[in-house]
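S.K.: For reference, this is query_5.json, and it has JSON, C-alpha atoms.
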```
[["chain", "number", "residue", "atom", "x", "y", "z"],
["K", 1282, "MET", "CA", 0.00, 0.00, 0.00],
["K", 1283, "ASN", "CA", 1.11, 3.53, -0.81],
["K", 1284, "GLY", "CA", 2.62, 5.68, 1.98],
["K", 1285, "TRP", "CA", -0.08, 8.32, 1.55],
["K", 1286, "VAL", "CA", -2.77, 5.69, 2.12],
["K", 1287, "TRP", "CA", -1.05, 4.39, 5.26],
["K", 1288, "THR", "CA", -0.70, 7.97, 6.45],
["K", 1289, "ALA", "CA", -4.43, 8.59, 5.99],
["K", 1290, "ILE", "CA", -5.37, 5.31, 7.72],
["K", 1291, "LEU", "CA", -3.11, 5.96, 10.71],
["K", 1292, "LEU", "CA", -4.24, 9.59, 10.97],
["K", 1293, "THR", "CA", -7.86, 8.44, 10.97],
["K", 1294, "ILE", "CA", -7.21, 6.02, 13.83],
["K", 1295, "SER", "CA", -5.23, 8.63, 15.78],
["K", 1296, "ASN", "CA", -8.00, 11.18, 15.28],
["K", 1297, "ALA", "CA", -10.60, 8.74, 16.55],
["K", 1298, "PHE", "CA", -8.59, 8.38, 19.77],
["K", 1299, "MET", "CA", -7.99, 12.13, 20.09],
["K", 1300, "THR", "CA", -11.61, 13.06, 19.43],
["K", 1301, "LEU", "CA", -12.68, 10.59, 22.08],
["K", 1302, "ALA", "CA", -10.08, 11.99, 24.50],
["K", 1303, "TRP", "CA", -11.06, 15.63, 23.89],
["K", 1304, "TYR", "CA", -14.84, 15.31, 23.66],
["K", 1305, "GLY", "CA", -15.93, 11.88, 24.94],
["K", 1306, "HIS", "CA", -16.04, 13.11, 28.53],
["K", 1307, "LEU", "CA", -18.89, 15.45, 27.59],
["K", 1308, "LYS", "CA", -21.17, 12.39, 27.70],
["K", 1309, "PHE", "CA", -20.37, 12.14, 31.42],
["K", 1310, "PRO", "CA", -20.83, 15.63, 32.88],
["K", 1311, "ALA", "CA", -21.34, 14.33, 36.43],
["K", 1312, "LYS", "CA", -17.89, 12.69, 36.56],
["K", 1313, "ALA", "CA", -15.16, 14.52, 38.46],
["K", 1314, "LEU", "CA", -12.93, 16.71, 36.29],
["K", 1315, "TRP", "CA", -9.73, 15.08, 37.55],
["K", 1316, "LEU", "CA", -11.10, 11.68, 36.56],
["K", 1317, "VAL", "CA", -12.02, 12.67, 33.01],
["K", 1318, "VAL", "CA", -8.68, 14.46, 32.58],
["K", 1319, "LEU", "CA", -6.81, 11.29, 33.59],
["K", 1320, "ALA", "CA", -9.01, 9.16, 31.35],
["K", 1321, "SER", "CA", -8.44, 11.58, 28.46],
["K", 1322, "TRP", "CA", -4.66, 11.45, 28.98],
["K", 1323, "GLY", "CA", -4.83, 7.67, 28.92],
["K", 1324, "ILE", "CA", -6.75, 7.71, 25.64],
["K", 1325, "ALA", "CA", -4.42, 10.34, 24.15],
["K", 1326, "PHE", "CA", -1.43, 8.11, 24.91],
["K", 1327, "PHE", "CA", -2.70, 5.65, 22.30],
["K", 1328, "GLU", "CA", -3.30, 8.46, 19.82],
["K", 1329, "TYR", "CA", 0.45, 9.08, 19.72],
["K", 1330, "TRP", "CA", 1.12, 5.47, 18.73],
["K", 1331, "PHE", "CA", -0.70, 6.21, 15.47],
["K", 1332, "VAL", "CA", -0.01, 9.88, 14.74],
["K", 1333, "ILE", "CA", 3.79, 9.67, 15.03],
["K", 1334, "PRO", "CA", 4.14, 6.77, 12.57],
["K", 1335, "ALA", "CA", 1.56, 8.43, 10.28],
["K", 1336, "ASN", "CA", 3.64, 11.60, 10.07],
["K", 1337, "ARG", "CA", 6.90, 9.71, 9.59],
["K", 1338, "ILE", "CA", 5.44, 7.53, 6.83],
["K", 1339, "GLY", "CA", 3.81, 10.52, 5.13],
["K", 1340, "TYR", "CA", 6.97, 12.61, 5.27],
["K", 1341, "ALA", "CA", 9.08, 9.73, 3.96],
["K", 1342, "SER", "CA", 6.52, 9.29, 1.14],
["K", 1343, "GLY", "CA", 7.07, 12.83, -0.08],
["K", 1344, "LEU", "CA", 4.41, 14.80, 1.78],
["K", 1345, "ASN", "CA", 5.68, 18.09, 3.16],
["K", 1346, "LEU", "CA", 4.69, 19.50, 6.53],
["K", 1347, "ALA", "CA", 1.87, 21.66, 5.18],
["K", 1348, "GLN", "CA", 0.43, 18.68, 3.30],
["K", 1349, "LEU", "CA", 0.64, 16.47, 6.38],
["K", 1350, "LYS", "CA", -1.08, 19.12, 8.48],
["K", 1351, "ILE", "CA", -3.93, 19.82, 6.07],
["K", 1352, "MET", "CA", -4.47, 16.08, 5.58],
["K", 1353, "GLN", "CA", -4.68, 15.72, 9.35],
["K", 1354, "GLU", "CA", -7.12, 18.63, 9.65],
["K", 1355, "VAL", "CA", -9.49, 17.26, 7.01],
["K", 1356, "ILE", "CA", -9.40, 13.82, 8.62],
["K", 1357, "THR", "CA", -10.02, 15.47, 11.99],
["K", 1358, "LEU", "CA", -13.07, 17.23, 10.58],
["K", 1359, "LEU", "CA", -14.47, 14.00, 9.13],
["K", 1360, "VAL", "CA", -13.85, 12.02, 12.31],
["K", 1361, "PHE", "CA", -15.29, 14.83, 14.42],
["K", 1362, "ALA", "CA", -18.41, 15.05, 12.23],
["K", 1363, "ALA", "CA", -18.98, 11.31, 12.62],
["K", 1364, "PHE", "CA", -18.41, 11.55, 16.39],
["K", 1365, "MET", "CA", -20.75, 14.52, 16.65],
["K", 1366, "VAL", "CA", -23.58, 12.64, 14.93],
["K", 1367, "LEU", "CA", -23.02, 9.05, 16.06],
["K", 1368, "VAL", "CA", -21.81, 9.53, 19.64],
["K", 1369, "MET", "CA", -23.14, 12.91, 20.74],
["K", 1370, "GLY", "CA", -26.40, 12.74, 18.77],
["K", 1371, "GLU", "CA", -26.05, 16.20, 17.24],
["K", 1372, "ARG", "CA", -27.06, 17.12, 13.70],
["K", 1373, "LEU", "CA", -24.86, 18.41, 10.91],
["K", 1374, "LYS", "CA", -25.99, 21.75, 9.52],
["K", 1375, "TRP", "CA", -25.45, 23.68, 6.30],
["K", 1376, "ASN", "CA", -22.65, 25.75, 7.82],
["K", 1377, "HIS", "CA", -20.75, 22.57, 8.71],
["K", 1378, "ALA", "CA", -20.91, 21.60, 5.03],
["K", 1379, "ALA", "CA", -19.74, 25.10, 4.04],
["K", 1380, "ALA", "CA", -16.79, 24.84, 6.43],
["K", 1381, "PHE", "CA", -15.91, 21.44, 5.00],
["K", 1382, "LEU", "CA", -15.90, 22.89, 1.48],
["K", 1383, "CYS", "CA", -13.46, 25.55, 2.67],
["K", 1384, "MET", "CA", -11.22, 22.79, 4.02],
["K", 1385, "ILE", "CA", -11.40, 20.99, 0.67],
["K", 1386, "ALA", "CA", -10.28, 24.23, -0.99],
["K", 1387, "ALA", "CA", -7.38, 24.39, 1.47],
["K", 1388, "VAL", "CA", -6.41, 20.84, 0.52],
["K", 1389, "ALA", "CA", -6.46, 21.76, -3.15],
["K", 1390, "PHE", "CA", -4.20, 24.74, -2.56],
["K", 1391, "VAL", "CA", -1.72, 22.85, -0.39],
["K", 1392, "PHE", "CA", -1.51, 19.88, -2.77],
["K", 1393, "LEU", "CA", -1.45, 21.99, -5.93],
["K", 1394, "ASP", "CA", 2.27, 21.45, -6.46],
["K", 1395, "LYS", "CA", 1.74, 17.65, -6.32],
["K", 1396, "LEU", "CA", -0.94, 17.84, -9.01],
["K", 1397, "ARG", "CA", 1.11, 19.80, -11.56],
["K", 1398, "PRO", "CA", 3.36, 17.91, -13.95],
["K", 1399, "VAL", "CA", 7.02, 18.49, -13.19]]
```
Would you kindly transcribe this structure into structure tokens?
M.R.:
Amino acid sequence: MNGWVWTAILLTISNAFMTLAWYGHLKFPAKALWLVVLASWGIAFFEYWFVIPANRIGYASGLNLAQLKIMQEVITLLVFAAFMVLVMGERLKWNHAAAFLCMIAAVAFVFLDKLRPV
């Protein structure tokens, strides 16, 4: 499998962990803050086992830092949207779609040099 594909897969897994760490505690508002902070740190620990290899593989595959970052941000948005709907029970709205389109434009701009023939 291509390094870009592995990067996207690993970033998706890492983002699932990080989204859970950052926002999962909101499902348990009665739990003590210190407890949810410790739980979130524990979850975030596993996020690093995926994000670090993802960035190394992507960089070694020819992605530059800006491309790695924008890829991560788009994946974060997709993972977050799924979490928002499936876990938190919130609805996506038109402005979420508009924001996503802006992110797609950012991807196009950042990857423009990869799309042009050399």
S.K.: For range 1344-1356 of chain K, find every residue with an atom within 8 Å (counting all atoms listed in the file), except residues of its own chain fewer than 3 positions away, and show them as a list in words.
M.R.: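 Those residues are Trp1285, Ala1289, Leu1292, Thr1293, Asn1296, Asn1336, Gly1339, Tyr1340, Ala1341, Leu1359, Val1360, Phe1381, Met1384, Ile1385, Ala1387, Val1388, Val1391 and Phe1392 of chain K.
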S.K.: What's the separation between CA of Gly1305 in chain K and CA of Ala1379 in chain K, in Å to one decimal place?
M.R.: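 One can read the CA of Gly1305 in chain K to CA of Ala1379 in chain K distance as 25.0 Å.
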S.K.: Would you place a box with edges along x, y and z of the file around all atoms of range 1373-1377 of chain K listed there, add 6 Å to each of its six sides, and report the centre and edge lengths in Å to one decimal, as JSON?
M.R.:
```
{"center_x": -23.4, "center_y": 22.1, "center_z": 8.6, "size_x": 17.2, "size_y": 19.3, "size_z": 16.6}
```
S.K.: Give me the residues near Ile1338 in chain K as a ChimeraX atom specification, where near means some atom within 9 Å (using only C-alpha atoms) and where sequence neighbours in that chain fewer than 4 positions away do not count.
M.R.: /K:1284-1285,1287-1288,1333-1334,1342-1344
S.K.: Mind pulling up the distance from CA of Tyr1304 in chain K to CA of Trp1375 in chain K?
M.R.: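 One can read the CA of Trp1375 in chain K to CA of Tyr1304 in chain K distance as 22.0 Å.
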S.K.: Find the residue from K:Phe1309, K:Phe1390, K:Leu1301, K:Ala1335 that sits nearest to Trp1322 in chain K; use all atoms listed in the file when measuring.
M.R.: K:Leu1301
S.K.: One decimal, in Å: what's the spacing between CA of Ala1325 in chain K and CA of Lys1312 in chain K?
M.R.: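 A separation of 18.5 Å between them.
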S.K.: Contacts of Ala1320 in chain K at 9 Å or less, counting all atoms listed in the file, minus same-chain residues fewer than 5 places along, as a PyMOL selection string?
M.R.: chain K and resi 1302+1306+1315+1325
S.K.: For a quick check of understanding, using only C-alpha atoms, which of K:Leu1393, K:Glu1328, K:Lys1374, K:Ala1386 has the smallest distance to Thr1300 in chain K?
M.R.: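 Of the candidates, the smallest distance to Thr1300 in chain K is held by K:Glu1328.
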S.K.: Set the distance at 8 Å and use only C-alpha atoms: which residues neighbour Phe1361 in chain K once local chain neighbours fewer than 3 positions away are removed? I'd like the list as a ChimeraX atom specification.
M.R.: /K:1297,1300,1357-1358,1364-1365
S.K.: As a CSV table (one decimal), keeping the file's coordinate frame, please: range 1336-1365 of chain K completed to N, CA and C atoms.
M.R.:
```
chain,number,residue,atom,x,y,z
K,1336,ASN,N,2.9,10.5,10.6
K,1336,ASN,CA,3.6,11.6,10.1
K,1336,ASN,C,5.0,11.2,9.5
K,1337,ARG,N,5.6,10.2,10.1
K,1337,ARG,CA,6.9,9.7,9.6
K,1337,ARG,C,6.7,9.1,8.2
K,1338,ILE,N,5.7,8.2,8.1
K,1338,ILE,CA,5.4,7.5,6.8
K,1338,ILE,C,5.1,8.6,5.8
K,1339,GLY,N,4.2,9.5,6.1
K,1339,GLY,CA,3.8,10.5,5.1
K,1339,GLY,C,5.0,11.4,4.7
K,1340,TYR,N,5.8,11.8,5.6
K,1340,TYR,CA,7.0,12.6,5.3
K,1340,TYR,C,8.0,11.8,4.4
K,1341,ALA,N,8.2,10.6,4.7
K,1341,ALA,CA,9.1,9.7,4.0
K,1341,ALA,C,8.5,9.4,2.6
K,1342,SER,N,7.2,9.5,2.4
K,1342,SER,CA,6.5,9.3,1.1
K,1342,SER,C,6.4,10.5,0.3
K,1343,GLY,N,7.0,11.6,0.7
K,1343,GLY,CA,7.1,12.8,-0.1
K,1343,GLY,C,6.1,13.9,0.3
K,1344,LEU,N,5.3,13.7,1.3
K,1344,LEU,CA,4.4,14.8,1.8
K,1344,LEU,C,5.2,15.8,2.6
K,1345,ASN,N,5.0,17.1,2.3
K,1345,ASN,CA,5.7,18.1,3.2
K,1345,ASN,C,4.8,18.4,4.4
K,1346,LEU,N,5.4,19.2,5.3
K,1346,LEU,CA,4.7,19.5,6.5
K,1346,LEU,C,3.3,20.1,6.3
K,1347,ALA,N,3.2,21.0,5.4
K,1347,ALA,CA,1.9,21.7,5.2
K,1347,ALA,C,0.9,20.6,4.7
K,1348,GLN,N,1.3,19.7,3.8
K,1348,GLN,CA,0.4,18.7,3.3
K,1348,GLN,C,0.0,17.7,4.4
K,1349,LEU,N,1.0,17.3,5.2
K,1349,LEU,CA,0.6,16.5,6.4
K,1349,LEU,C,-0.4,17.1,7.3
K,1350,LYS,N,-0.2,18.4,7.6
K,1350,LYS,CA,-1.1,19.1,8.5
K,1350,LYS,C,-2.5,19.3,7.9
K,1351,ILE,N,-2.6,19.6,6.6
K,1351,ILE,CA,-3.9,19.8,6.1
K,1351,ILE,C,-4.6,18.5,5.9
K,1352,MET,N,-3.9,17.4,5.6
K,1352,MET,CA,-4.5,16.1,5.6
K,1352,MET,C,-5.0,15.7,7.0
K,1353,GLN,N,-4.3,16.0,8.0
K,1353,GLN,CA,-4.7,15.7,9.4
K,1353,GLN,C,-5.9,16.5,9.7
K,1354,GLU,N,-6.0,17.8,9.3
K,1354,GLU,CA,-7.1,18.6,9.6
K,1354,GLU,C,-8.4,18.2,9.0
K,1355,VAL,N,-8.3,17.7,7.7
K,1355,VAL,CA,-9.5,17.3,7.0
K,1355,VAL,C,-10.0,15.9,7.6
K,1356,ILE,N,-9.0,15.1,8.0
K,1356,ILE,CA,-9.4,13.8,8.6
K,1356,ILE,C,-10.0,14.1,10.0
K,1357,THR,N,-9.5,15.1,10.7
K,1357,THR,CA,-10.0,15.5,12.0
K,1357,THR,C,-11.5,15.9,11.8
K,1358,LEU,N,-11.7,16.7,10.8
K,1358,LEU,CA,-13.1,17.2,10.6
K,1358,LEU,C,-14.0,16.1,10.3
K,1359,LEU,N,-13.6,15.1,9.5
K,1359,LEU,CA,-14.5,14.0,9.1
K,1359,LEU,C,-14.7,13.1,10.3
K,1360,VAL,N,-13.7,12.8,11.1
K,1360,VAL,CA,-13.8,12.0,12.3
K,1360,VAL,C,-14.7,12.7,13.3
K,1361,PHE,N,-14.5,14.1,13.5
K,1361,PHE,CA,-15.3,14.8,14.4
K,1361,PHE,C,-16.8,14.9,14.0
K,1362,ALA,N,-17.0,15.0,12.7
K,1362,ALA,CA,-18.4,15.0,12.2
K,1362,ALA,C,-19.1,13.7,12.5
K,1363,ALA,N,-18.4,12.6,12.3
K,1363,ALA,CA,-19.0,11.3,12.6
K,1363,ALA,C,-19.2,11.2,14.1
K,1364,PHE,N,-18.3,11.6,14.9
K,1364,PHE,CA,-18.4,11.6,16.4
K,1364,PHE,C,-19.6,12.4,16.8
K,1365,MET,N,-19.7,13.6,16.3
K,1365,MET,CA,-20.8,14.5,16.6
K,1365,MET,C,-22.1,13.9,16.4
```
